[in-house]
Amino acid sequence: MLRLARICTARPRSGRAVFALVACPPPCIASHSLDHKYHDAIKCTGDKDTGFSNRKSHVVTHGACFSTATETVLVQARDSSLLASEIETGTDQQRFDDAWRAYEKHLHMDGLPRKSVLSKLITGFAATCDTHRLNQSYNVVDRAFQERHELLEKEALIYLSLILARCAPPYLAVNVVRKLVKIEAYPPVAAWSAIIAHMCQTATGSFLAADMVMEIGYLFQNNRVDPRKKSNRPLLAMKPNSFTFRIVLTASLLFGTTKKAEQLLELMPRIGVKPEASLLVVMARIYEKNGHKDEIQKLKRHVDEACGLSESEFRQYYDCLLSCHLKFGDLDSAVDMVLDMLKKGNNAKRSLEAAKAVLEAVESNKLYLPYEKTGPENSGSPDKPLSTDRQMQNYSSFFKDKSFARLELEARELHKLLSDKLQEQVGLVKSEHGVLHPTETMYAKLVKAFLEADKISALASFLVKASKEDSAVSVESSFVVQVINACISLGLLEQAHDLLDEMRFSGVRVGSSIYSSLLKAYCKEENHEDDITALLKDAQQAGIQLDSSCYEDLIQSRAHHNNTTGALHLFKEMKSSNIQKSVNREFEMLVQSCDSNEAALTAKLVEEVKSGHTVNHALHDWNNVIHFFCKKRLMHDAHKALSKMRVLGHTPNAQTFHCLVTAYAAVGGKYVEVTDLWGEMKVLANSNSMKFDQELLDSLLYCFVRGGFFLRAMEVIELMEKCEMFIDKYKYKSLWLKYHRTLYKGKAPKVQTEAQLIRREAALHFKRWIGLT
């Protein structure tokens, strides 16, 4: 009786267990007898309390069997330490289903387990690298963060975030790091740099990593954190460094999120991070993608004077500079760079140092390729190829590495993988024996730019200068011949003839194949008799011997136009030249050999022109002007430039609007203007004049949520979901909780206009979308 009295007077939460036990007695008791006597008592007295008293007395009289079973069941139900032990044992023995069931029972009875058990559950499930177990581990962290975040250990969360970044959707890894920052358990920069290095292997992860660096960097802007205070040391240990920026910037370049990358570049000086020498090249590539030619020019002196830059990094920088010259239509600067490369290349070939380099390469059995995609100078040592498939370390070894040195090494390896992929995008400059040379793609783009601008004289001048530096194996495969050949292939016969005349006047040899090709092209078209006559005369004066197939085409063309006299004259000329068929076949084979093996430029140029891709140089100029005003926060001048741009017939693109939207977001309070821009963007997108990208839509969504324009925000969300773009719900949930927590929280007013009703419904729809209702 005393035991039962103690049980009945126990803490309230065990009352449910007592009632359940009394209502459902254990098997060793004759339950039918208990129920029979219980019902009889109620019938006799009609009093529930009396019935319960009779039941209690009956329970006591059933002896030790009932007492022992009751004590065992009740002690297990109340003793959470047994469930905690089961969680630990199940995790250690990899019986994860049993461990999870024990965890759920613990939650139901006594809430979250103690810190050590919770950490073992989180890290044990994370170590499996299984998607389902990782989600369970993340759910444990999410619940603990909402209820009792003091039970979360920093090292366990860092370990979970690292594996989530590697094996699960990257937004889960970012959210764990955000939770760490929120509870002020700041992860060291070496640890979270490795996390973002894993995330940056994908496009979505790269986008989120850039956001995370900006969020963490914002804490250190304008010397907000006093380094002299001892309490700030953990926070300062989390401050992003130059290597962290280099990882994210490289990934942003690789996956095309260059607007966000430029925002990171602007953040660096505000938090006191100085760029390393190798970061200069990454900066140049970002500026080139965003069309900031002046910024690249400013970097030139620093790049040329920097120590430790590799050959491939120089190649990347000059590739950016050439690309920018072409993008802005600055053909003179591009020509000067190409000619300078050719001149230096020839000087290097004639120098003694180049001869020594070749001799050393032969002695060491080292092969120099004419175009190296991944230069050996970038890998400090001839290590084996890097891979992200390395086995993940367990939590015990992870926990022992207090300085996170292994994670830092892993981050550097992952960064090298990104850098190697980025180097493969360099297409305008190649390196040979340490000397930079323009590629066939560069020549093709430059010639195409001259042809589009109809600057044939300038192109001829460039060809003449380039031919003096060109060291082709044969005249038929020279740079000049390939350009003229490409013009003939594209049907630009007039331009090809003009270039041929310029070469002849300048004394540049072009060979007989060009004359033959141009004459055959004239024969296939109508109304070129005068051109054929002039070209035949030029060939005769130049001492060019045409082949028999060319004579045959000319004779057929004259006969087709009823010019029998001219046809007979050409036939007699061919006979007098003693041109034999065997010689003709050898000649044709030689030309075909040149076309297939050496004339890569011809194919590149034809492909480039036929692609139909044209560059609007004026659009890049106007975007540069608008970017300048937006950077100085001169929004009135930026809008005047936009209006002038429209008047001149240039349609704004995504880059134009991105500059304006981000500037308005930085100024603050200008959300009506952003709404006007959104309306114009939708019109342009419907007419296929502009294509939305993730960076622009994300910036718009941020402005609309921050300003409370939820109707417009839902329009952007709908468009992003339709295009299958990733949306960071955690970020917008935090934005709502920060600025709109109390919005539309009460009941709807009885009287409201239709516009007010629409705004309210849009806000509640957004609230449901972020998961707050």
# chains A, B, ... in the order shown; residues from 1 in each chain; ligands from 1
$ residues_around --residues "Phe314 (chain A)" --least-positions-apart "5" --cutoff "12 Å" --atoms "only C-alpha atoms" --output "PyMOL selection string"
chain A and resi 277-282+284-285+299-300+302-309+319-321+375+377-378+423+426+429-431+434-437
$ write_last_selection --atoms "C-alpha atoms" --output "tab-separated table (two decimals), in the first residue's frame"
chain	number	residue	atom	x	y	z
A	277	ALA	CA	48.26	38.08	-55.58
A	278	SER	CA	46.37	35.13	-57.05
A	279	LEU	CA	43.07	36.80	-56.17
A	280	LEU	CA	43.91	39.63	-58.60
A	281	VAL	CA	43.31	37.31	-61.55
A	282	VAL	CA	39.96	36.17	-60.13
A	284	ALA	CA	39.89	40.54	-63.30
A	285	ARG	CA	37.74	37.68	-64.54
A	299	LEU	CA	44.69	45.74	-62.14
A	300	LYS	CA	47.22	45.45	-64.99
A	302	HIS	CA	49.45	45.04	-60.01
A	303	VAL	CA	49.35	41.81	-62.04
A	304	ASP	CA	52.55	42.62	-63.94
A	305	GLU	CA	54.38	43.48	-60.71
A	306	ALA	CA	52.92	40.68	-58.57
A	307	CYS	CA	55.25	37.97	-57.32
A	308	GLY	CA	54.34	34.32	-57.40
A	309	LEU	CA	51.79	34.40	-60.21
A	319	ASP	CA	42.46	36.50	-71.74
A	320	CYS	CA	40.16	38.77	-69.66
A	321	LEU	CA	41.75	41.92	-71.03
A	375	GLY	CA	49.50	24.44	-66.45
A	377	GLU	CA	53.03	25.52	-62.62
A	378	ASN	CA	49.80	25.71	-60.68
A	423	GLN	CA	41.26	27.46	-66.35
A	426	VAL	CA	40.42	30.33	-71.15
A	429	VAL	CA	45.33	33.09	-75.07
A	430	LYS	CA	47.62	30.07	-74.98
A	431	SER	CA	51.11	29.62	-73.55
A	434	GLY	CA	56.37	30.44	-71.03
A	435	VAL	CA	55.34	32.89	-73.76
A	436	LEU	CA	51.75	33.97	-74.37
A	437	HIS	CA	50.23	33.62	-77.86
$ residues_around --residues "region 638-646 of chain A" --least-positions-apart "2" --cutoff "8 Å" --atoms "only C-alpha atoms" --output "PyMOL selection string"
chain A and resi 622+625-627+629-630+634-636+648-652+660
$ write_last_selection --atoms "all heavy atoms" --output "CSV table (one decimal), in the first residue's frame"
chain,number,residue,atom,x,y,z
A,622,TRP,N,26.8,51.7,-72.0
A,622,TRP,CA,25.7,52.3,-71.2
A,622,TRP,C,25.6,51.6,-69.8
A,622,TRP,O,25.4,52.2,-68.8
A,622,TRP,CB,24.4,52.3,-71.9
A,622,TRP,CG,24.2,53.4,-72.9
A,622,TRP,CD1,24.3,53.2,-74.3
A,622,TRP,CD2,24.1,54.8,-72.7
A,622,TRP,NE1,24.1,54.5,-74.9
A,622,TRP,CE2,24.0,55.4,-73.9
A,622,TRP,CE3,24.0,55.5,-71.5
A,622,TRP,CZ2,23.9,56.8,-74.0
A,622,TRP,CZ3,23.9,56.9,-71.6
A,622,TRP,CH2,23.8,57.5,-72.8
A,625,VAL,N,28.1,53.0,-67.6
A,625,VAL,CA,27.8,54.4,-67.1
A,625,VAL,C,26.8,54.2,-66.0
A,625,VAL,O,26.9,54.9,-64.9
A,625,VAL,CB,27.2,55.2,-68.2
A,625,VAL,CG1,26.6,56.5,-67.7
A,625,VAL,CG2,28.2,55.5,-69.3
A,626,ILE,N,25.7,53.4,-66.2
A,626,ILE,CA,24.7,53.2,-65.1
A,626,ILE,C,25.3,52.6,-63.9
A,626,ILE,O,25.0,52.9,-62.7
A,626,ILE,CB,23.6,52.3,-65.7
A,626,ILE,CG1,22.8,53.1,-66.8
A,626,ILE,CG2,22.6,51.9,-64.6
A,626,ILE,CD1,21.8,52.2,-67.5
A,627,HIS,N,26.3,51.6,-64.1
A,627,HIS,CA,26.9,51.0,-62.9
A,627,HIS,C,27.7,52.1,-62.1
A,627,HIS,O,27.7,52.0,-60.9
A,627,HIS,CB,27.9,49.9,-63.4
A,627,HIS,CG,28.7,49.3,-62.3
A,627,HIS,ND1,30.0,49.7,-62.1
A,627,HIS,CD2,28.4,48.3,-61.4
A,627,HIS,CE1,30.5,49.0,-61.1
A,627,HIS,NE2,29.6,48.2,-60.7
A,629,PHE,N,27.1,55.3,-61.8
A,629,PHE,CA,26.2,56.1,-61.0
A,629,PHE,C,25.6,55.4,-59.8
A,629,PHE,O,25.4,55.9,-58.8
A,629,PHE,CB,25.0,56.7,-61.9
A,629,PHE,CG,25.5,57.7,-62.9
A,629,PHE,CD1,25.1,57.7,-64.2
A,629,PHE,CD2,26.3,58.8,-62.4
A,629,PHE,CE1,25.6,58.7,-65.1
A,629,PHE,CE2,26.7,59.8,-63.3
A,629,PHE,CZ,26.3,59.7,-64.7
A,630,CYS,N,25.2,54.1,-60.1
A,630,CYS,CA,24.7,53.3,-59.0
A,630,CYS,C,25.7,53.1,-57.9
A,630,CYS,O,25.3,53.0,-56.7
A,630,CYS,CB,24.2,51.9,-59.6
A,630,CYS,SG,22.7,52.0,-60.6
A,634,LEU,N,24.1,57.7,-57.0
A,634,LEU,CA,23.5,58.8,-57.8
A,634,LEU,C,22.3,58.3,-58.6
A,634,LEU,O,22.4,58.2,-59.8
A,634,LEU,CB,24.5,59.5,-58.6
A,634,LEU,CG,25.7,60.1,-57.9
A,634,LEU,CD1,26.8,60.6,-58.9
A,634,LEU,CD2,25.3,61.2,-56.9
A,635,MET,N,21.2,58.0,-58.0
A,635,MET,CA,20.1,57.2,-58.6
A,635,MET,C,19.4,58.1,-59.7
A,635,MET,O,18.9,57.6,-60.7
A,635,MET,CB,19.2,56.7,-57.6
A,635,MET,CG,19.8,55.8,-56.6
A,635,MET,SD,20.8,54.5,-57.4
A,635,MET,CE,19.6,53.6,-58.3
A,636,HIS,N,19.3,59.4,-59.4
A,636,HIS,CA,18.7,60.3,-60.4
A,636,HIS,C,19.5,60.3,-61.7
A,636,HIS,O,18.9,60.2,-62.8
A,636,HIS,CB,18.6,61.7,-59.8
A,636,HIS,CG,18.0,62.7,-60.8
A,636,HIS,ND1,16.7,62.6,-61.1
A,636,HIS,CD2,18.5,63.7,-61.5
A,636,HIS,CE1,16.4,63.6,-62.0
A,636,HIS,NE2,17.5,64.3,-62.2
A,648,LEU,N,18.1,56.0,-77.5
A,648,LEU,CA,19.0,55.7,-78.5
A,648,LEU,C,18.8,54.3,-79.1
A,648,LEU,O,19.5,53.8,-80.0
A,648,LEU,CB,20.5,55.8,-78.0
A,648,LEU,CG,20.9,57.2,-77.7
A,648,LEU,CD1,22.3,57.1,-77.0
A,648,LEU,CD2,20.9,58.1,-78.9
A,649,GLY,N,17.7,53.6,-78.6
A,649,GLY,CA,17.3,52.3,-79.2
A,649,GLY,C,18.0,51.1,-78.6
A,649,GLY,O,18.0,50.0,-79.2
A,650,HIS,N,18.6,51.2,-77.4
A,650,HIS,CA,19.3,50.1,-76.8
A,650,HIS,C,18.4,49.5,-75.7
A,650,HIS,O,18.0,50.3,-74.8
A,650,HIS,CB,20.7,50.5,-76.2
A,650,HIS,CG,21.6,51.2,-77.2
A,650,HIS,ND1,22.1,50.5,-78.3
A,650,HIS,CD2,22.1,52.4,-77.3
A,650,HIS,CE1,22.8,51.3,-79.0
A,650,HIS,NE2,22.9,52.5,-78.4
A,651,THR,N,18.1,48.3,-75.8
A,651,THR,CA,17.2,47.6,-74.8
A,651,THR,C,18.0,47.2,-73.6
A,651,THR,O,19.0,46.5,-73.7
A,651,THR,CB,16.6,46.4,-75.4
A,651,THR,OG1,15.9,46.8,-76.6
A,651,THR,CG2,15.6,45.8,-74.4
A,652,PRO,N,17.6,47.6,-72.4
A,652,PRO,CA,18.3,47.2,-71.2
A,652,PRO,C,18.3,45.7,-71.0
A,652,PRO,O,17.3,45.0,-71.4
A,652,PRO,CB,17.5,47.9,-70.0
A,652,PRO,CG,16.7,49.0,-70.7
A,652,PRO,CD,16.5,48.5,-72.1
A,660,LEU,N,20.6,48.6,-61.0
A,660,LEU,CA,19.6,49.5,-60.4
A,660,LEU,C,19.0,48.9,-59.1
A,660,LEU,O,18.8,49.6,-58.1
A,660,LEU,CB,18.6,49.8,-61.4
A,660,LEU,CG,19.1,50.7,-62.6
A,660,LEU,CD1,18.0,50.6,-63.8
A,660,LEU,CD2,19.3,52.1,-62.2
$ residues_around --residues "region 214-221 of chain A" --least-positions-apart "2" --cutoff "7 Å" --atoms "only C-alpha atoms" --output "ChimeraX atom specification"
/A:210-212,223-225,239-240,264,270-271
$ residues_around --residues "region 525-535 of chain A" --least-positions-apart "2" --cutoff "10 Å" --atoms "only C-alpha atoms" --output "compact mmCIF listing (two decimals) with C-alpha atoms, in the first residue's frame"
# COMPACT_ATOMS: atom_id res chain seq x y z
CA GLY A 491 30.51 34.29 -99.33
CA LEU A 493 33.88 37.69 -101.96
CA GLU A 494 34.21 41.46 -102.17
CA HIS A 497 39.17 40.43 -103.04
CA LEU A 500 43.92 40.07 -101.51
CA ASP A 501 44.63 43.39 -103.23
CA TYR A 515 43.45 32.96 -106.29
CA SER A 516 42.02 29.60 -107.38
CA LEU A 518 38.32 33.09 -105.23
CA LEU A 519 38.07 32.53 -109.00
CA LYS A 520 36.01 29.35 -108.46
CA ALA A 521 33.71 31.24 -106.08
CA TYR A 522 33.22 33.98 -108.66
CA CYS A 523 32.39 31.37 -111.30
CA LYS A 537 45.27 39.85 -114.58
CA ASP A 538 46.51 40.24 -110.99
CA ALA A 539 47.44 36.56 -110.84
CA GLN A 540 49.38 36.83 -114.10
CA GLN A 541 51.28 39.89 -112.87
CA LEU A 554 36.65 29.39 -115.80
CA SER A 557 31.75 29.88 -116.86
CA ARG A 558 32.78 31.67 -120.10
CA HIS A 561 27.84 33.17 -120.72
$ residues_around --residues "region 136-138 of chain A" --least-positions-apart "3" --cutoff "12 Å" --atoms "only C-alpha atoms" --output "short mmCIF file (atom, residue, chain, number, x, y, z; two decimals) with N, CA and C atoms, in the first residue's frame"
data_model
loop_
_atom_site.label_atom_id
_atom_site.label_comp_id
_atom_site.auth_asym_id
_atom_site.auth_seq_id
_atom_site.Cartn_x
_atom_site.Cartn_y
_atom_site.Cartn_z
N THR A 91 23.03 3.89 -31.32
CA THR A 91 23.88 4.67 -32.23
C THR A 91 25.25 4.02 -32.37
N PHE A 96 20.19 2.18 -35.97
CA PHE A 96 19.69 3.55 -36.00
C PHE A 96 18.17 3.62 -35.85
N ASP A 97 17.46 2.61 -36.33
CA ASP A 97 16.01 2.62 -36.15
C ASP A 97 15.64 2.50 -34.67
N ALA A 99 17.59 3.37 -32.16
CA ALA A 99 18.01 4.63 -31.52
C ALA A 99 16.99 5.73 -31.78
N TRP A 100 16.44 5.78 -32.98
CA TRP A 100 15.47 6.83 -33.30
C TRP A 100 14.16 6.62 -32.53
N ARG A 101 13.73 5.36 -32.40
CA ARG A 101 12.51 5.09 -31.62
C ARG A 101 12.71 5.48 -30.15
N TYR A 103 14.72 7.76 -29.08
CA TYR A 103 14.74 9.23 -29.05
C TYR A 103 13.32 9.80 -29.06
N GLU A 104 12.46 9.23 -29.87
CA GLU A 104 11.08 9.72 -29.93
C GLU A 104 10.34 9.46 -28.62
N LEU A 118 22.56 13.80 -27.03
CA LEU A 118 22.11 14.50 -28.24
C LEU A 118 23.25 14.61 -29.25
N SER A 119 24.46 14.91 -28.78
CA SER A 119 25.61 15.02 -29.68
C SER A 119 25.94 13.68 -30.33
N LYS A 120 25.86 12.60 -29.52
CA LYS A 120 26.13 11.27 -30.09
C LYS A 120 25.11 10.90 -31.15
N LEU A 121 23.85 11.25 -30.89
CA LEU A 121 22.80 10.96 -31.87
C LEU A 121 23.03 11.76 -33.16
N ILE A 122 23.37 13.04 -33.04
CA ILE A 122 23.58 13.90 -34.22
C ILE A 122 24.77 13.41 -35.03
N THR A 123 25.90 13.20 -34.37
CA THR A 123 27.11 12.82 -35.11
C THR A 123 27.06 11.39 -35.61
N GLY A 124 26.41 10.48 -34.83
CA GLY A 124 26.30 9.09 -35.29
C GLY A 124 25.46 8.97 -36.54
N PHE A 125 24.33 9.66 -36.58
CA PHE A 125 23.50 9.64 -37.77
C PHE A 125 24.19 10.34 -38.94
N ALA A 126 24.92 11.43 -38.65
CA ALA A 126 25.60 12.17 -39.72
C ALA A 126 26.72 11.34 -40.35
N ALA A 127 27.41 10.54 -39.53
CA ALA A 127 28.55 9.77 -40.04
C ALA A 127 28.15 8.73 -41.07
N THR A 128 26.86 8.37 -41.11
CA THR A 128 26.41 7.39 -42.11
C THR A 128 26.45 7.94 -43.53
N CYS A 129 26.38 9.28 -43.65
CA CYS A 129 26.32 9.96 -44.96
C CYS A 129 25.10 9.51 -45.77
N ASP A 130 24.11 8.95 -45.09
CA ASP A 130 22.87 8.53 -45.74
C ASP A 130 21.89 9.71 -45.71
N THR A 131 21.19 9.92 -46.81
CA THR A 131 20.31 11.09 -46.92
C THR A 131 19.22 11.06 -45.85
N HIS A 132 18.60 9.91 -45.65
CA HIS A 132 17.53 9.80 -44.66
C HIS A 132 18.05 10.08 -43.24
N ARG A 133 19.19 9.49 -42.89
CA ARG A 133 19.76 9.71 -41.56
C ARG A 133 20.22 11.16 -41.38
N VAL A 141 18.58 18.68 -34.67
CA VAL A 141 19.20 19.99 -34.44
C VAL A 141 18.15 21.10 -34.51
N ASP A 142 17.26 21.02 -35.48
CA ASP A 142 16.24 22.05 -35.66
C ASP A 142 15.33 22.13 -34.43
N ARG A 143 14.94 20.97 -33.92
CA ARG A 143 14.07 20.95 -32.73
C ARG A 143 14.81 21.48 -31.50
N ALA A 144 16.04 21.03 -31.34
CA ALA A 144 16.82 21.50 -30.19
C ALA A 144 17.07 23.00 -30.26
N PHE A 145 17.26 23.51 -31.45
CA PHE A 145 17.48 24.95 -31.61
C PHE A 145 16.24 25.74 -31.19
N LEU A 152 23.04 21.96 -27.59
CA LEU A 152 23.77 21.72 -28.83
C LEU A 152 25.26 22.01 -28.63
N ALA A 156 29.83 19.22 -32.70
CA ALA A 156 28.89 18.29 -33.33
C ALA A 156 28.16 18.95 -34.50
N LEU A 157 27.79 20.22 -34.32
CA LEU A 157 27.09 20.93 -35.40
C LEU A 157 28.02 21.21 -36.58
N ILE A 158 29.28 21.53 -36.29
CA ILE A 158 30.23 21.74 -37.38
C ILE A 158 30.41 20.46 -38.18
N TYR A 159 30.51 19.34 -37.45
CA TYR A 159 30.66 18.04 -38.12
C TYR A 159 29.44 17.72 -38.99
N LEU A 160 28.25 17.97 -38.45
CA LEU A 160 27.02 17.74 -39.21
C LEU A 160 26.97 18.63 -40.45
N SER A 161 27.31 19.89 -40.28
CA SER A 161 27.27 20.82 -41.42
C SER A 161 28.25 20.40 -42.51
N ILE A 163 29.27 17.35 -43.26
CA ILE A 163 28.77 16.19 -44.00
C ILE A 163 27.54 16.56 -44.82
N LEU A 164 26.70 17.45 -44.30
CA LEU A 164 25.56 17.93 -45.09
C LEU A 164 26.03 18.64 -46.35
N ALA A 168 24.39 16.13 -48.82
CA ALA A 168 22.97 16.48 -48.79
C ALA A 168 22.76 17.81 -49.50
N PRO A 169 21.50 18.22 -49.64
CA PRO A 169 21.26 19.56 -50.22
C PRO A 169 22.02 20.63 -49.46
N TYR A 171 21.57 23.70 -48.76
CA TYR A 171 20.89 24.67 -47.90
C TYR A 171 20.81 24.18 -46.45
N LEU A 172 20.82 22.85 -46.25
CA LEU A 172 20.81 22.34 -44.88
C LEU A 172 22.12 22.67 -44.17
N ALA A 173 23.23 22.55 -44.90
CA ALA A 173 24.53 22.87 -44.30
C ALA A 173 24.60 24.35 -43.94
N VAL A 174 24.10 25.21 -44.81
CA VAL A 174 24.11 26.65 -44.53
C VAL A 174 23.25 26.97 -43.31
N ASN A 175 22.10 26.32 -43.22
CA ASN A 175 21.22 26.60 -42.09
C ASN A 175 21.85 26.21 -40.76
N VAL A 176 22.61 25.11 -40.74
CA VAL A 176 23.29 24.70 -39.50
C VAL A 176 24.32 25.76 -39.09
N VAL A 177 25.09 26.26 -40.06
CA VAL A 177 26.07 27.30 -39.75
C VAL A 177 25.37 28.56 -39.27
N LYS A 179 22.58 28.70 -37.64
CA LYS A 179 22.14 28.43 -36.27
C LYS A 179 23.32 28.58 -35.30
#
$ select_by_dssp --residues "region 304-345 of chain A" --states "helix (DSSP H, G or I)" --output "count of residues only"
34
$ residues_around --residues "Asp693 (chain A)" --least-positions-apart "3" --cutoff "9 Å" --atoms "only C-alpha atoms" --output "MDAnalysis selection string"
chainID A and resid 654 696:698 725
$ residues_around --residues "Ile514 (chain A)" --least-positions-apart "4" --cutoff "7 Å" --atoms "only C-alpha atoms" --output "number ranges by chain"
A: 481, 485, 510, 518
$ write_last_selection --atoms "N, CA, C and O atoms" --output "PDB file, in the first residue's frame"
ATOM      1  N   VAL A 481      46.310  33.840 -95.428  1.00  0.00           N
ATOM      2  CA  VAL A 481      45.595  32.958 -96.357  1.00  0.00           C
ATOM      3  C   VAL A 481      44.347  32.385 -95.679  1.00  0.00           C
ATOM      4  O   VAL A 481      43.279  32.286 -96.299  1.00  0.00           O
ATOM      5  N   ASN A 485      40.609  32.883 -96.954  1.00  0.00           N
ATOM      6  CA  ASN A 485      39.869  31.657 -97.247  1.00  0.00           C
ATOM      7  C   ASN A 485      38.544  31.621 -96.504  1.00  0.00           C
ATOM      8  O   ASN A 485      37.523  31.180 -97.051  1.00  0.00           O
ATOM      9  N   VAL A 510      50.772  35.239-100.827  1.00  0.00           N
ATOM     10  CA  VAL A 510      49.585  34.516-100.401  1.00  0.00           C
ATOM     11  C   VAL A 510      49.450  33.151-101.066  1.00  0.00           C
ATOM     12  O   VAL A 510      48.624  32.349-100.657  1.00  0.00           O
ATOM     13  N   LEU A 518      39.132  31.908-104.964  1.00  0.00           N
ATOM     14  CA  LEU A 518      38.317  33.089-105.232  1.00  0.00           C
ATOM     15  C   LEU A 518      37.747  33.067-106.645  1.00  0.00           C
ATOM     16  O   LEU A 518      36.580  33.420-106.872  1.00  0.00           O
TER      17      LEU A 518
END
$ closest_residue --among "A:Phe328, A:Phe692, A:Phe399, A:Phe479" --to "Asn616 (chain A)" --atoms "only C-alpha atoms"
A:Phe328
$ decode --residues "region 676-690 of chain A" --atoms "N, CA, C and O atoms" --output "PDB file, in the first residue's frame"
ATOM      1  N   ASP A 676       8.398  49.651 -60.158  1.00  0.00           N
ATOM      2  CA  ASP A 676       8.300  50.169 -61.534  1.00  0.00           C
ATOM      3  C   ASP A 676       9.258  49.430 -62.464  1.00  0.00           C
ATOM      4  O   ASP A 676       8.903  49.102 -63.607  1.00  0.00           O
ATOM      5  N   LEU A 677      10.469  49.191 -61.987  1.00  0.00           N
ATOM      6  CA  LEU A 677      11.439  48.443 -62.797  1.00  0.00           C
ATOM      7  C   LEU A 677      10.946  47.019 -63.068  1.00  0.00           C
ATOM      8  O   LEU A 677      11.139  46.482 -64.160  1.00  0.00           O
ATOM      9  N   TRP A 678      10.311  46.417 -62.070  1.00  0.00           N
ATOM     10  CA  TRP A 678       9.789  45.055 -62.227  1.00  0.00           C
ATOM     11  C   TRP A 678       8.734  44.999 -63.341  1.00  0.00           C
ATOM     12  O   TRP A 678       8.692  44.062 -64.135  1.00  0.00           O
ATOM     13  N   GLY A 679       7.892  46.035 -63.398  1.00  0.00           N
ATOM     14  CA  GLY A 679       6.897  46.084 -64.466  1.00  0.00           C
ATOM     15  C   GLY A 679       7.542  46.155 -65.845  1.00  0.00           C
ATOM     16  O   GLY A 679       7.115  45.463 -66.787  1.00  0.00           O
ATOM     17  N   GLU A 680       8.595  46.949 -65.967  1.00  0.00           N
ATOM     18  CA  GLU A 680       9.295  47.042 -67.256  1.00  0.00           C
ATOM     19  C   GLU A 680       9.997  45.728 -67.605  1.00  0.00           C
ATOM     20  O   GLU A 680      10.009  45.298 -68.763  1.00  0.00           O
ATOM     21  N   MET A 681      10.556  45.079 -66.596  1.00  0.00           N
ATOM     22  CA  MET A 681      11.227  43.801 -66.842  1.00  0.00           C
ATOM     23  C   MET A 681      10.261  42.754 -67.369  1.00  0.00           C
ATOM     24  O   MET A 681      10.586  41.974 -68.277  1.00  0.00           O
ATOM     25  N   LYS A 682       9.065  42.702 -66.802  1.00  0.00           N
ATOM     26  CA  LYS A 682       8.079  41.713 -67.250  1.00  0.00           C
ATOM     27  C   LYS A 682       7.682  41.948 -68.702  1.00  0.00           C
ATOM     28  O   LYS A 682       7.502  40.991 -69.466  1.00  0.00           O
ATOM     29  N   VAL A 683       7.564  43.210 -69.087  1.00  0.00           N
ATOM     30  CA  VAL A 683       7.230  43.520 -70.489  1.00  0.00           C
ATOM     31  C   VAL A 683       8.345  43.047 -71.420  1.00  0.00           C
ATOM     32  O   VAL A 683       8.090  42.427 -72.465  1.00  0.00           O
ATOM     33  N   LEU A 684       9.599  43.326 -71.050  1.00  0.00           N
ATOM     34  CA  LEU A 684      10.732  42.907 -71.881  1.00  0.00           C
ATOM     35  C   LEU A 684      10.852  41.389 -71.941  1.00  0.00           C
ATOM     36  O   LEU A 684      11.193  40.815 -72.983  1.00  0.00           O
ATOM     37  N   ALA A 685      10.590  40.722 -70.813  1.00  0.00           N
ATOM     38  CA  ALA A 685      10.691  39.260 -70.787  1.00  0.00           C
ATOM     39  C   ALA A 685       9.609  38.622 -71.659  1.00  0.00           C
ATOM     40  O   ALA A 685       9.853  37.621 -72.347  1.00  0.00           O
ATOM     41  N   ASN A 686       8.405  39.215 -71.663  1.00  0.00           N
ATOM     42  CA  ASN A 686       7.322  38.678 -72.489  1.00  0.00           C
ATOM     43  C   ASN A 686       7.596  38.838 -73.973  1.00  0.00           C
ATOM     44  O   ASN A 686       7.133  38.038 -74.791  1.00  0.00           O
ATOM     45  N   SER A 687       8.372  39.856 -74.324  1.00  0.00           N
ATOM     46  CA  SER A 687       8.716  40.078 -75.739  1.00  0.00           C
ATOM     47  C   SER A 687      10.036  39.413 -76.119  1.00  0.00           C
ATOM     48  O   SER A 687      10.563  39.660 -77.205  1.00  0.00           O
ATOM     49  N   ASN A 688      10.583  38.592 -75.195  1.00  0.00           N
ATOM     50  CA  ASN A 688      11.851  37.871 -75.425  1.00  0.00           C
ATOM     51  C   ASN A 688      13.038  38.804 -75.655  1.00  0.00           C
ATOM     52  O   ASN A 688      14.030  38.415 -76.257  1.00  0.00           O
ATOM     53  N   SER A 689      12.914  40.049 -75.190  1.00  0.00           N
ATOM     54  CA  SER A 689      14.034  40.995 -75.311  1.00  0.00           C
ATOM     55  C   SER A 689      15.009  40.875 -74.153  1.00  0.00           C
ATOM     56  O   SER A 689      16.104  41.420 -74.201  1.00  0.00           O
ATOM     57  N   MET A 690      14.608  40.181 -73.096  1.00  0.00           N
ATOM     58  CA  MET A 690      15.453  40.040 -71.924  1.00  0.00           C
ATOM     59  C   MET A 690      15.186  38.685 -71.286  1.00  0.00           C
ATOM     60  O   MET A 690      14.057  38.179 -71.316  1.00  0.00           O
TER      61      MET A 690
END
